[in-house]
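Pasting final-v5.cif here (mmCIF, C-alpha atoms and all ligand atoms):
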```cif
data_target
loop_
_atom_site.label_atom_id
_atom_site.label_comp_id
_atom_site.auth_asym_id
_atom_site.auth_seq_id
_atom_site.Cartn_x
_atom_site.Cartn_y
_atom_site.Cartn_z
CA MET A 190 48.61 3.74 -3.50
CA SER A 191 51.16 5.91 -5.23
CA LYS A 192 48.86 7.58 -7.70
CA LYS A 193 48.95 11.27 -8.58
CA ASN A 194 46.05 13.26 -7.22
CA ILE A 195 44.30 16.31 -8.57
CA ALA A 196 46.28 18.66 -6.32
CA SER A 197 49.41 17.88 -8.36
CA VAL A 198 47.91 19.06 -11.66
CA ASP A 199 47.85 22.66 -12.87
CA VAL A 200 44.19 23.00 -13.79
CA SER A 201 44.07 26.74 -14.43
CA GLY A 202 41.92 27.44 -17.50
CA LYS A 203 41.66 23.70 -18.20
CA ARG A 204 38.62 21.47 -18.71
CA VAL A 205 38.85 18.87 -15.97
CA LEU A 206 36.72 15.82 -16.78
CA ILE A 207 35.78 14.38 -13.40
CA ARG A 208 34.14 10.94 -13.21
CA VAL A 209 32.07 11.11 -10.03
CA ASP A 210 29.64 8.58 -8.59
CA PHE A 211 26.40 10.50 -8.14
CA ASN A 212 24.42 7.26 -8.10
CA VAL A 213 22.48 8.39 -5.02
CA PRO A 214 19.37 6.82 -3.54
CA VAL A 215 16.13 8.56 -4.54
CA GLU A 216 12.68 8.07 -3.06
CA ASP A 217 9.53 9.91 -4.12
CA GLY A 218 11.57 12.28 -6.27
CA LYS A 219 13.95 13.22 -3.44
CA ILE A 220 17.56 12.29 -2.75
CA THR A 221 17.52 10.41 0.56
CA ASP A 222 21.30 10.39 1.10
CA ASP A 223 23.57 12.92 -0.62
CA ARG A 224 26.84 11.69 0.87
CA ARG A 225 28.28 10.72 -2.50
CA ILE A 226 27.71 14.28 -3.71
CA ARG A 227 29.12 15.90 -0.58
CA GLU A 228 32.17 13.64 -0.62
CA ALA A 229 32.99 14.73 -4.18
CA LEU A 230 33.17 18.40 -3.12
CA PRO A 231 36.85 18.57 -2.11
CA THR A 232 37.89 17.54 -5.62
CA ILE A 233 35.39 19.81 -7.38
CA GLN A 234 36.27 22.78 -5.18
CA SER A 235 39.98 22.21 -5.64
CA VAL A 236 39.50 22.48 -9.40
CA LEU A 237 37.21 25.53 -9.23
CA SER A 238 39.32 27.45 -6.74
CA ARG A 239 42.34 27.11 -9.01
CA GLY A 240 40.51 28.40 -12.08
CA GLY A 241 39.68 25.05 -13.64
CA LYS A 242 36.43 24.10 -15.35
CA ALA A 243 34.75 21.09 -13.72
CA ILE A 244 33.04 18.83 -16.27
CA LEU A 245 31.31 16.09 -14.29
CA ILE A 246 30.20 12.71 -15.63
CA SER A 247 28.37 9.98 -13.72
CA HIS A 248 25.90 7.14 -13.98
CA MET A 249 22.67 6.83 -12.03
CA GLY A 250 20.95 3.51 -11.39
CA ARG A 251 20.67 0.85 -14.03
CA PRO A 252 18.63 2.18 -16.97
CA GLU A 253 18.04 0.13 -20.11
CA GLY A 254 20.73 1.97 -22.08
CA VAL A 255 18.47 2.93 -24.93
CA GLY A 256 18.15 6.65 -24.28
CA PHE A 257 16.69 9.04 -21.72
CA GLU A 258 14.53 7.64 -18.90
CA PRO A 259 13.29 10.34 -16.48
CA GLU A 260 13.55 8.21 -13.32
CA PHE A 261 17.30 7.78 -13.93
CA SER A 262 18.04 11.44 -14.64
CA LEU A 263 20.91 13.15 -12.82
CA LYS A 264 18.91 16.42 -12.66
CA LEU A 265 18.25 15.96 -8.93
CA ALA A 266 21.98 15.52 -8.36
CA ALA A 267 22.70 18.67 -10.38
CA ASP A 268 20.24 20.64 -8.25
CA ARG A 269 21.66 19.28 -5.00
CA LEU A 270 25.23 20.01 -6.08
CA ALA A 271 24.28 23.57 -7.03
CA GLN A 272 22.66 24.01 -3.63
CA ILE A 273 25.71 22.73 -1.74
CA LEU A 274 28.23 24.62 -3.88
CA GLY A 275 26.15 27.80 -3.75
CA LYS A 276 26.61 28.35 -7.48
CA PRO A 277 24.88 27.27 -10.69
CA VAL A 278 25.60 23.85 -12.15
CA ALA A 279 24.96 23.65 -15.88
CA PHE A 280 22.91 20.58 -16.78
CA PRO A 281 22.70 21.02 -20.51
CA SER A 282 20.76 18.20 -22.15
CA ASN A 283 19.34 14.71 -21.76
CA ASP A 284 22.19 13.07 -23.64
CA CYS A 285 25.82 13.27 -22.52
CA THR A 286 27.14 13.17 -26.09
CA ASP A 287 24.73 15.39 -28.01
CA ALA A 288 25.44 18.85 -29.43
CA GLY A 289 23.96 20.53 -26.34
CA ALA A 290 26.34 18.70 -24.04
CA ALA A 291 29.34 19.51 -26.23
CA ALA A 292 28.29 23.17 -26.46
CA ALA A 293 27.95 23.47 -22.67
CA VAL A 294 31.42 22.03 -22.19
CA ALA A 295 32.82 24.42 -24.82
CA ALA A 296 31.08 27.39 -23.19
CA ALA A 297 32.34 26.63 -19.67
CA LYS A 298 34.56 29.33 -18.15
CA PRO A 299 37.12 28.95 -15.38
CA GLY A 300 35.23 28.29 -12.14
CA ASP A 301 32.18 26.85 -13.95
CA VAL A 302 30.60 23.46 -13.27
CA VAL A 303 28.84 21.30 -15.86
CA LEU A 304 27.16 17.99 -15.04
CA LEU A 305 26.29 15.81 -18.02
CA GLU A 306 23.30 13.46 -18.07
CA ASN A 307 23.47 9.79 -17.05
CA LEU A 308 26.21 7.97 -18.98
CA ARG A 309 24.21 4.74 -18.82
CA PHE A 310 21.53 6.13 -21.14
CA HIS A 311 24.01 4.74 -23.66
CA LYS A 312 24.57 0.97 -23.66
CA ALA A 313 28.10 1.82 -24.72
CA GLU A 314 28.93 2.92 -21.16
CA LYS A 315 28.45 -0.53 -19.62
CA LYS A 316 30.08 -2.12 -22.66
CA GLY A 317 33.24 -0.05 -22.21
CA ASP A 318 32.89 1.03 -25.84
CA PRO A 319 35.98 2.92 -27.14
CA ALA A 320 34.01 4.98 -29.71
CA PHE A 321 31.72 6.32 -26.96
CA ALA A 322 34.74 6.89 -24.73
CA ALA A 323 36.47 8.85 -27.49
CA LYS A 324 33.55 11.30 -27.57
CA LEU A 325 33.67 11.82 -23.80
CA ALA A 326 37.45 12.13 -23.88
CA LEU A 327 37.07 15.22 -26.08
CA TYR A 328 35.52 17.05 -23.12
CA GLY A 329 38.66 17.05 -20.99
CA ASP A 330 42.25 18.29 -20.85
CA VAL A 331 42.65 16.41 -17.57
CA TYR A 332 40.92 13.21 -16.38
CA VAL A 333 40.03 12.64 -12.74
CA ASN A 334 38.62 9.46 -11.23
CA ASP A 335 36.74 10.43 -8.09
CA ALA A 336 34.01 7.80 -8.46
CA PHE A 337 35.08 5.40 -5.74
CA GLY A 338 31.71 3.60 -5.72
CA THR A 339 32.21 2.67 -9.38
CA CYS A 340 35.94 1.85 -9.30
CA HIS A 341 35.23 -1.90 -9.57
CA ARG A 342 33.36 -1.44 -12.85
CA PRO A 343 35.19 -1.58 -16.19
CA ASP A 344 32.65 0.87 -17.67
CA ALA A 345 33.69 3.17 -20.51
CA SER A 346 33.96 6.27 -18.31
CA MET A 347 36.12 4.39 -15.79
CA VAL A 348 38.56 2.66 -18.14
CA ALA A 349 38.13 3.45 -21.85
CA VAL A 350 37.92 7.23 -21.29
CA PRO A 351 41.20 7.52 -19.35
CA LYS A 352 42.77 5.19 -21.91
CA ALA A 353 41.55 7.49 -24.68
CA MET A 354 43.12 10.41 -22.80
CA ALA A 355 46.60 8.87 -22.66
CA GLY A 356 49.20 11.63 -22.76
CA LYS A 357 47.02 14.00 -20.72
CA PRO A 358 47.11 14.05 -16.91
CA ARG A 359 44.96 11.21 -15.50
CA VAL A 360 44.75 11.37 -11.74
CA CYS A 361 42.63 10.36 -8.79
CA GLY A 362 40.38 12.69 -6.85
CA PHE A 363 40.54 13.20 -3.10
CA LEU A 364 37.65 10.82 -2.41
CA VAL A 365 39.18 7.90 -4.29
CA GLU A 366 42.49 8.63 -2.60
CA LYS A 367 40.91 8.70 0.87
CA GLU A 368 38.82 5.56 0.35
CA ILE A 369 41.74 3.52 -0.90
CA LYS A 370 44.00 4.83 1.83
CA PHE A 371 41.60 3.70 4.55
CA LEU A 372 40.54 0.40 3.05
CA ALA A 373 43.95 -0.69 1.77
CA ALA A 374 45.83 0.36 4.91
CA ALA A 375 43.33 -1.33 7.19
CA ILE A 376 43.90 -4.57 5.38
CA ALA A 377 47.61 -4.34 4.68
CA LYS A 378 48.88 -2.91 7.97
CA PRO A 379 46.16 -3.11 10.59
CA ALA A 380 46.81 -2.09 14.17
CA ARG A 381 45.86 -5.20 16.16
CA PRO A 382 43.58 -6.67 17.23
CA PHE A 383 42.02 -6.40 13.76
CA VAL A 384 38.33 -7.32 13.93
CA VAL A 385 36.13 -7.72 10.86
CA VAL A 386 32.36 -7.63 11.21
CA LEU A 387 30.48 -9.23 8.35
CA GLY A 388 26.73 -9.43 7.92
CA GLY A 389 24.03 -8.64 5.44
CA ALA A 390 21.72 -10.51 3.20
CA LYS A 391 23.73 -13.07 1.29
CA VAL A 392 26.67 -15.26 2.21
CA SER A 393 27.46 -15.65 -1.49
CA ASP A 394 28.17 -11.89 -1.68
CA LYS A 395 30.64 -12.04 1.20
CA MET A 396 32.41 -15.37 0.68
CA GLY A 397 35.30 -13.76 -1.22
CA ALA A 398 35.81 -11.20 1.54
CA ILE A 399 35.83 -13.84 4.29
CA GLU A 400 38.38 -15.96 2.46
CA HIS A 401 40.64 -12.98 1.81
CA LEU A 402 40.37 -11.60 5.34
CA MET A 403 40.79 -14.86 7.26
CA PRO A 404 44.59 -14.86 7.11
CA LEU A 405 44.70 -11.12 7.89
CA ALA A 406 42.19 -10.60 10.70
CA ASP A 407 42.40 -11.63 14.35
CA THR A 408 38.65 -12.10 14.71
CA ILE A 409 35.76 -12.22 12.24
CA LEU A 410 32.29 -11.65 13.68
CA VAL A 411 29.52 -12.95 11.46
CA GLY A 412 25.89 -11.84 11.78
CA GLY A 413 22.96 -11.06 9.50
CA ALA A 414 21.24 -13.56 7.24
CA MET A 415 24.61 -14.88 6.06
CA ALA A 416 25.25 -16.41 9.50
CA TYR A 417 22.48 -18.96 8.97
CA THR A 418 24.23 -20.71 6.09
CA PHE A 419 27.18 -21.25 8.45
CA LEU A 420 24.99 -22.39 11.32
CA ALA A 421 23.16 -24.79 8.98
CA ALA A 422 26.57 -26.09 7.83
CA GLN A 423 27.36 -26.82 11.51
CA GLY A 424 24.18 -28.91 11.68
CA LYS A 425 22.24 -26.40 13.80
CA ASN A 426 18.52 -26.00 13.46
CA VAL A 427 17.96 -22.64 11.79
CA GLY A 428 14.20 -22.93 11.22
CA THR A 429 13.08 -20.96 8.19
CA SER A 430 16.05 -18.52 8.31
CA ARG A 431 17.59 -17.56 4.99
CA VAL A 432 20.03 -20.31 4.06
CA GLU A 433 21.83 -20.52 0.74
CA LYS A 434 21.85 -24.28 0.26
CA ASP A 435 24.32 -24.16 -2.60
CA ARG A 436 26.81 -22.40 -0.29
CA ILE A 437 26.74 -24.85 2.61
CA ALA A 438 29.78 -26.70 1.24
CA ASP A 439 31.71 -23.40 1.02
CA ALA A 440 30.62 -22.52 4.54
CA LYS A 441 31.94 -25.88 5.79
CA LYS A 442 35.24 -25.17 4.05
CA ILE A 443 35.54 -21.84 5.88
CA ILE A 444 34.73 -23.47 9.23
CA ASP A 445 37.44 -26.10 8.57
CA MET A 446 39.94 -23.42 7.51
CA ASP A 447 39.21 -21.55 10.72
CA LYS A 448 40.34 -24.55 12.78
CA LYS A 449 43.75 -24.45 11.08
CA MET A 450 44.29 -20.70 11.31
CA LYS A 451 44.99 -18.18 14.04
CA VAL A 452 41.85 -16.22 13.24
CA GLU A 453 38.67 -16.82 15.20
CA VAL A 454 35.42 -16.76 13.22
CA LEU A 455 32.46 -16.29 15.54
CA PHE A 456 28.79 -16.78 14.80
CA PRO A 457 25.68 -15.65 16.70
CA VAL A 458 24.85 -17.63 19.84
CA ASP A 459 21.29 -16.37 20.07
CA HIS A 460 18.74 -14.97 17.67
CA VAL A 461 15.75 -12.64 17.54
CA CYS A 462 13.30 -14.64 15.45
CA SER A 463 9.89 -14.22 13.90
CA THR A 464 7.36 -16.52 12.28
CA GLN A 465 7.14 -14.15 9.30
CA PHE A 466 9.43 -11.97 7.22
CA GLU A 467 7.40 -8.92 8.25
CA GLU A 468 8.01 -5.93 10.49
CA LYS A 469 4.85 -6.21 12.55
CA SER A 470 2.75 -9.28 11.92
CA GLY A 471 4.86 -12.24 13.10
CA ASP A 472 5.28 -13.81 16.56
CA ILE A 473 8.68 -12.71 17.86
CA GLU A 474 10.83 -14.90 20.14
CA VAL A 475 14.49 -15.10 21.10
CA PHE A 476 16.20 -18.51 20.82
CA ASP A 477 19.58 -19.65 22.04
CA ASP A 478 21.55 -21.73 19.61
CA GLU A 479 18.79 -23.89 18.04
CA ILE A 480 15.92 -22.03 16.37
CA LYS A 481 12.45 -23.54 16.73
CA ASP A 482 10.78 -24.85 13.57
CA GLY A 483 8.61 -22.22 11.93
CA PHE A 484 10.81 -19.31 13.09
CA MET A 485 13.45 -17.38 11.15
CA GLY A 486 16.42 -15.44 12.56
CA LEU A 487 16.10 -11.74 11.76
CA ASP A 488 18.62 -10.25 14.21
CA ILE A 489 21.43 -11.31 16.54
CA GLY A 490 20.20 -11.81 20.09
CA PRO A 491 21.26 -9.98 23.29
CA LYS A 492 23.96 -12.50 24.27
CA THR A 493 25.57 -12.19 20.85
CA GLN A 494 25.36 -8.40 21.03
CA THR A 495 27.26 -8.42 24.33
CA LYS A 496 29.79 -10.98 23.12
CA PHE A 497 30.51 -9.02 19.92
CA ALA A 498 30.62 -5.69 21.81
CA ILE A 499 33.29 -6.99 24.22
CA ILE A 500 35.49 -8.09 21.32
CA LEU A 501 34.96 -4.82 19.45
CA GLN A 502 35.83 -2.82 22.54
CA LYS A 503 39.38 -4.21 22.50
CA ALA A 504 39.93 -3.86 18.75
CA LYS A 505 42.41 -1.39 17.27
CA THR A 506 41.20 -1.80 13.66
CA ILE A 507 37.62 -2.62 12.70
CA VAL A 508 36.16 -3.16 9.26
CA TRP A 509 32.38 -3.51 9.17
CA ASN A 510 30.45 -4.71 6.14
CA GLY A 511 26.84 -5.82 6.42
CA PRO A 512 24.11 -5.27 9.03
CA MET A 513 23.54 -7.78 11.83
CA GLY A 514 19.81 -8.05 11.16
CA VAL A 515 16.89 -6.50 9.33
CA PHE A 516 17.78 -3.12 10.83
CA GLU A 517 15.16 -1.39 8.66
CA TRP A 518 12.47 -2.87 10.95
CA ALA A 519 12.42 -1.73 14.59
CA PRO A 520 12.04 -5.18 16.23
CA PHE A 521 15.19 -6.41 14.44
CA ALA A 522 17.33 -3.25 14.56
CA THR A 523 18.94 -3.59 17.99
CA GLY A 524 21.74 -5.98 16.97
CA THR A 525 23.00 -3.66 14.26
CA GLN A 526 22.58 -0.62 16.52
CA GLN A 527 24.52 -2.19 19.40
CA VAL A 528 27.33 -3.37 17.14
CA GLY A 529 27.44 0.10 15.58
CA LYS A 530 27.63 1.72 19.01
CA ALA A 531 30.39 -0.64 20.08
CA ILE A 532 32.35 0.32 16.97
CA ALA A 533 31.80 4.01 17.75
CA ARG A 534 33.10 3.45 21.31
CA ALA A 535 36.16 1.67 19.93
CA THR A 536 36.79 4.67 17.65
CA ALA A 537 36.66 7.02 20.64
CA ALA A 538 39.18 4.75 22.36
CA GLY A 539 41.61 5.13 19.45
CA ALA A 540 40.70 2.38 16.99
CA THR A 541 40.60 2.97 13.23
CA THR A 542 37.10 2.01 12.13
CA ILE A 543 35.80 1.63 8.62
CA VAL A 544 32.31 0.92 7.36
CA GLY A 545 31.75 -0.32 3.81
CA GLY A 546 28.54 -1.36 2.08
CA GLY A 547 25.52 0.74 1.14
CA ASP A 548 23.18 -0.73 3.75
CA SER A 549 25.79 -0.68 6.51
CA ALA A 550 26.48 2.98 5.80
CA ALA A 551 22.72 3.64 5.86
CA ALA A 552 22.52 1.86 9.22
CA ALA A 553 25.38 3.97 10.60
CA GLU A 554 23.51 7.11 9.51
CA LYS A 555 20.21 5.85 10.89
CA PHE A 556 21.68 5.14 14.32
CA GLY A 557 23.53 8.46 14.39
CA ILE A 558 27.04 7.03 14.60
CA ALA A 559 28.36 7.79 11.09
CA ASP A 560 30.26 10.83 12.40
CA GLN A 561 31.80 8.79 15.20
CA LEU A 562 33.64 6.37 12.89
CA SER A 563 37.00 6.91 11.20
CA HIS A 564 35.66 6.35 7.70
CA VAL A 565 32.29 5.56 6.13
CA SER A 566 32.91 4.39 2.60
CA THR A 567 30.81 5.68 -0.29
CA GLY A 568 31.30 2.31 -1.96
CA GLY A 569 29.11 -0.77 -1.85
CA GLY A 570 30.45 -3.31 -4.31
CA ALA A 571 33.70 -1.36 -4.62
CA SER A 572 34.54 -1.53 -0.91
CA LEU A 573 33.58 -5.21 -0.83
CA GLU A 574 35.92 -5.93 -3.74
CA MET A 575 38.71 -4.15 -1.87
CA LEU A 576 38.02 -6.44 1.07
CA GLU A 577 38.34 -9.35 -1.36
CA GLY A 578 41.80 -8.07 -2.27
CA LYS A 579 40.88 -7.23 -5.85
CA LYS A 580 42.66 -4.59 -7.91
CA PHE A 581 40.83 -1.95 -9.93
CA GLU A 582 41.87 -1.31 -13.53
CA SER A 583 40.20 2.11 -13.24
CA VAL A 584 42.75 3.07 -10.59
CA ASP A 585 45.76 1.13 -11.89
CA LEU A 586 45.80 3.07 -15.14
CA LEU A 587 46.02 6.48 -13.46
CA ASP A 588 49.35 8.33 -13.45
CA GLN A 589 51.93 7.12 -11.00
CA ALA A 590 52.97 9.68 -8.35
P1 LIG B 1 25.69 -3.95 2.63
O1 LIG B 1 24.91 -3.14 1.61
O2 LIG B 1 26.05 -3.15 3.83
O3 LIG B 1 26.84 -4.67 2.03
P2 LIG B 1 23.96 -6.21 2.31
O4 LIG B 1 23.41 -5.63 1.06
O5 LIG B 1 24.82 -7.41 2.21
O6 LIG B 1 24.70 -5.09 3.18
O7 LIG B 1 22.76 -6.65 3.27
C1 LIG B 1 21.84 -5.74 3.80
C2 LIG B 1 20.49 -6.35 3.98
O8 LIG B 1 20.55 -7.56 4.71
C3 LIG B 1 19.58 -5.44 4.75
O9 LIG B 1 18.58 -4.95 3.90
C4 LIG B 1 19.01 -6.32 5.86
O10 LIG B 1 17.62 -6.17 6.04
C5 LIG B 1 19.32 -7.70 5.37
N1 LIG B 1 19.44 -8.67 6.47
C6 LIG B 1 20.28 -8.62 7.52
N2 LIG B 1 20.06 -9.65 8.35
C7 LIG B 1 19.07 -10.38 7.82
C8 LIG B 1 18.40 -11.59 8.24
N3 LIG B 1 18.73 -12.21 9.35
N4 LIG B 1 17.43 -12.06 7.42
C9 LIG B 1 17.10 -11.41 6.28
N5 LIG B 1 17.69 -10.28 5.85
C10 LIG B 1 18.66 -9.77 6.62
C1 LIG B 2 27.07 1.48 -6.57
O1 LIG B 2 26.06 2.07 -6.16
O2 LIG B 2 27.52 0.46 -6.02
C2 LIG B 2 27.83 2.08 -7.70
O3 LIG B 2 27.31 3.34 -8.06
C3 LIG B 2 27.91 1.16 -8.89
O4 LIG B 2 26.63 0.91 -9.42
P1 LIG B 2 26.35 -0.44 -10.19
O5 LIG B 2 26.38 -1.55 -9.17
O6 LIG B 2 25.00 -0.28 -10.83
O7 LIG B 2 27.45 -0.64 -11.20
MG MG B 3 23.46 -3.77 0.17
#
```

If you convert what's in this file into structure tokens, what do you get?
Amino acid sequence: MSKKNIASVDVSGKRVLIRVDFNVPVEDGKITDDRRIREALPTIQSVLSRGGKAILISHMGRPEGVGFEPEFSLKLAADRLAQILGKPVAFPSNDCTDAGAAAAVAAAKPGDVVLLENLRFHKAEKKGDPAFAAKLALYGDVYVNDAFGTCHRPDASMVAVPKAMAGKPRVCGFLVEKEIKFLAAAIAKPARPFVVVLGGAKVSDKMGAIEHLMPLADTILVGGAMAYTFLAAQGKNVGTSRVEKDRIADAKKIIDMDKKMKVEVLFPVDHVCSTQFEEKSGDIEVFDDEIKDGFMGLDIGPKTQTKFAIILQKAKTIVWNGPMGVFEWAPFATGTQQVGKAIARATAAGATTIVGGGDSAAAAEKFGIADQLSHVSTGGGASLEMLEGKKFESVDLLDQA
């Protein structure tokens, strides 16, 4: 990507409007994972240390878009950012375009940070509305996109705002730059063998990624619930496992494509199964190949874990999107943990390893391997769309380096 980054802009005394993605998970009034905030720090600090004023805008969750809703407030993010930065973060009002917000932006001095309230309290944000964007555009002398997790969205703050700021510097932040560097390079010029691990809840979510990666990867390892649609397409008994019936034809197409291509697409050869979709109450059994009626596959079995680990061990580039099982529940966590560990070992042996997807990143954190991988993406949908080979308008329209 030859886009200008924030380091190339003289920000001294300027209002730098930074679109961040502070859409962090919150439980019981607490942020459970602040990675998206921490990963935005290099950009924010670069602006502050050079005498710029950081004006931050973000969305949080999916509110109705008809005004303030407390459970979608960015106040928690403002507090966390202030704590990490060790300085106050102005959080002026409950509306990003009201007089209070405008006054806080106007009052900001070099080195100050302002975070405005959730953009999605206005329907106009999701609609990409130019009139709303024009108001936000007034807050900045420079526009920065550092919201990698939102880069696939054509929301007002991602597209209409930088368009409204044409003529002013419009650049990417360090997080967006790093994410795209890792994800794009892994796909375009992978050191080989290039192994892709795909899993997660729905095959329909990952079909585009499989199709795009098949001609590029050496091996694709498929686990998680999505594997069962493929196994059903091969005529295997999958019991009550999650199968997307309307995707069986697509799954057959992929299996046929695989026969004609160099890539090998591998599916689980054994399964940890339960009679119920519950953590504790079902009968748990491991089945090879055919799953007994009344049981559903909730994790890859030990043979599959070993088989996948051996392949991962030899890889030089690994992209991982989607857990191998219901890793949130202890009886079905081992498959994801073992695959994660194998990817960590490959990293130590010199492979470039990238994890994308919110739940996969959460799994990497949970199993303590996030720090042992080359890159853990802050993007869910955005990293998946990169794996599908899609382009982002929000990035394309930034200034060329
Ligand atoms: P990511 O966010 O990493 O892209 P997904 O959202 O696609 O991942 O899928 C994650 C979810 O898939 C997890 O919540 C996990 O419990 C679920 N999952 C994985 N394997 C299975 C399975 N065999 N049956 C049901 N759900 C599964
Ligand atoms: C995400 O969490 O994937 C991003 O913040 C985008 O959120 P959205 O899916 O609600 O647009
Ligand atoms: Mg997910």

Quick one: pull the distance between CA of Cys361 (chain A) and CA of Asp335 (chain A), Å, one decimal.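 So the answer is 5.9 Å.
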
How would you report the residues lying within 10 Å of ligand MG 3 (chain B), as a VMD selection string, if you count only C-alpha atoms and all ligand atoms? chain A and resid 389 to 391 394 510 to 512 545 to 551 569 to 570

Env of Phe466 (chain A): 9 Å cut, atoms = only C-alpha atoms, seq-sep filter 3 positions within chain, self excluded. Answer as a list in words. Ser463, Ser470, Gly471, Met485 and Leu487 of chain A

Site check for ligand LIG 2 (chain B): residues at most 9 Å away, all atoms listed in the file, as an MDAnalysis selection string: chainID A and resid 210:214 247:251 315 336:342 344 546:547 567:572

What is the CA of Lys192 (chain A) to CA of Gly397 (chain A) distance in Å?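 Result for CA of Lys192 (chain A) versus CA of Gly397 (chain A): 26.1 Å, one decimal.
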
Please list as number ranges by chain every residue within 10 Å of Phe257 (chain A), counting all atoms listed in the file and excluding residues in the same chain fewer than 2 positions away. A: 252-255, 259-262, 283-284, 306-311

Tyr328 (chain A) environment, 9 Å, all atoms listed in the file, sequence neighbours closer than 6 positions dropped, as JSON, numbers by chain: {"A": [204, 205, 206, 244, 291, 294, 295]}

Only C-alpha atoms, please: the residues just picked out, written as a PDB file, in the frame of the given file.
```pdb
ATOM      1  CA  ARG A 204      38.620  21.470 -18.710  1.00  0.00           C
ATOM      2  CA  VAL A 205      38.850  18.870 -15.970  1.00  0.00           C
ATOM      3  CA  LEU A 206      36.720  15.820 -16.780  1.00  0.00           C
ATOM      4  CA  ILE A 244      33.040  18.830 -16.270  1.00  0.00           C
ATOM      5  CA  ALA A 291      29.340  19.510 -26.230  1.00  0.00           C
ATOM      6  CA  VAL A 294      31.420  22.030 -22.190  1.00  0.00           C
ATOM      7  CA  ALA A 295      32.820  24.420 -24.820  1.00  0.00           C
TER       8      ALA A 295
END
```

Rank A:Ala279, A:Leu587, A:Ala498, A:Met513 by their smallest atom-to-atom distance to ligand LIG 1 (chain B), using only C-alpha atoms and all ligand atoms, and report the top residue only. A:Met513

Any chance you could work out the axis-aligned box around region 515-520 of chain A, listed atoms only, 6 Å on each side, giving centre and edge lengths in Å to one decimal, as JSON?
```
{"center_x": 14.9, "center_y": -3.9, "center_z": 12.4, "size_x": 17.7, "size_y": 17.1, "size_z": 19.6}
```

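Closest approach to Ala522 (chain A) from the set A:Gln494, A:Gln561, A:Thr221, A:Thr506 is made by A:Gln494, with distances taken over all atoms listed in the file.
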
Go ahead and compute the interatomic distance for CA of Tyr332 (chain A) and CA of Arg224 (chain A), in Å to one decimal.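 One can read the CA of Tyr332 (chain A) to CA of Arg224 (chain A) distance as 22.3 Å.
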
Spatial neighbours of region 438-445 of chain A, 8 Å, all atoms listed in the file, chain gap at least 2 places, as a ChimeraX atom specification: /A:400,418-419,422-423,435-436,447-449,454

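Remark: for ligand LIG 1 (chain B), the closest of the candidate residues A:Phe321, A:Phe484, A:Tyr417, A:Phe556 is A:Tyr417 (distances computed over only C-alpha atoms and all ligand atoms).
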